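Engineer: Please see the structure below; I have some questions.
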Amino acid sequence: MSPSRTTTVSVDSRRIELQIDPDARLAAAPGGAARFLAEAAGLTSEEAAELQKSIVAACLETFEHLTGDHPHLTVTLVRYPNRIEVELTHEGGAEPAVGLDRIAGFATQMGVSGGLDGVDRVQYEARGALAVTRLTKYLGHVPPIQ
């Protein structure tokens, strides 16, 4: 007789992963999840709403980079003790999920360009055939970029 396996699901969810098709109506789901995590982390309603808007805008921008062979966007939201990270991942592109022009505009104008004023940091990386854009909202003090 083998031991039984028990699966435990935590009520306090700190990681949410969604895979969505390029439909503007579906971009609201990761935005709502980000708002939930932000409010649960103690951000004000206004800060949570700004984060929500930024995530929806980033998803909409990402939809333009999806290809017919890889038409899905994976959005992973993780709440850490000092920050909320949102990763936008898609296959089949050498470009970041949010266009480089938007990232450059964000870096120079702190969010005025591209609708990302609800996040504190934007990072891009390639993982093989995956393009990943990471949006970070710090909870409290924003560390300096090194």
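How things are named: the first chain in the structure tokens is A, the next is B, and so on; residues count from 1 in each chain; ligands count from 1 in the order shown.
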Excluding Leu77 (chain A) and residues on its chain fewer than 6 positions from it, collect all residues at most 10 Å away from it, counting only C-alpha atoms, and give them as a ChimeraX atom specification.
Structural biologist: /A:14-18,30-31,33-34,37,84-88,134-136
Engineer: List as JSON, numbers by chain the protein and nucleic acid residues near Cys59 (chain A), meaning an atom at most 12 Å away when only C-alpha atoms are counted, but skip any in the same chain fewer than 5 places from it.
Structural biologist: {"A": [18, 19, 20, 21, 22, 23, 24, 25, 26, 27, 28, 29, 30, 31, 52, 53, 54, 64, 65, 66, 72, 73, 74, 75, 76, 86, 87, 88, 89, 90, 96, 97, 98, 99, 114, 115, 116, 133, 134, 135]}
Engineer: Tell me, in Å to one decimal, how far CA of Ala41 (chain A) is from CA of Leu139 (chain A).
Structural biologist: 7.5 Å
Engineer: Using DSSP on the backbone, list every residue of region 27-73 of chain A that comes out as alpha helix (DSSP H), and give them as a VMD selection string.
Structural biologist: chain A and resid 28 to 40 45 to 63
Engineer: Quick check, in Å to one decimal: how far apart do CA of Val119 (chain A) and CA of Glu46 (chain A) lie?
Structural biologist: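 It comes out at 12.7 Å.
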Engineer: Would you work out the distance separating CA of Arg121 (chain A) from CA of Lys137 (chain A), expressed in Å to one decimal?
Structural biologist: 6.9 Å
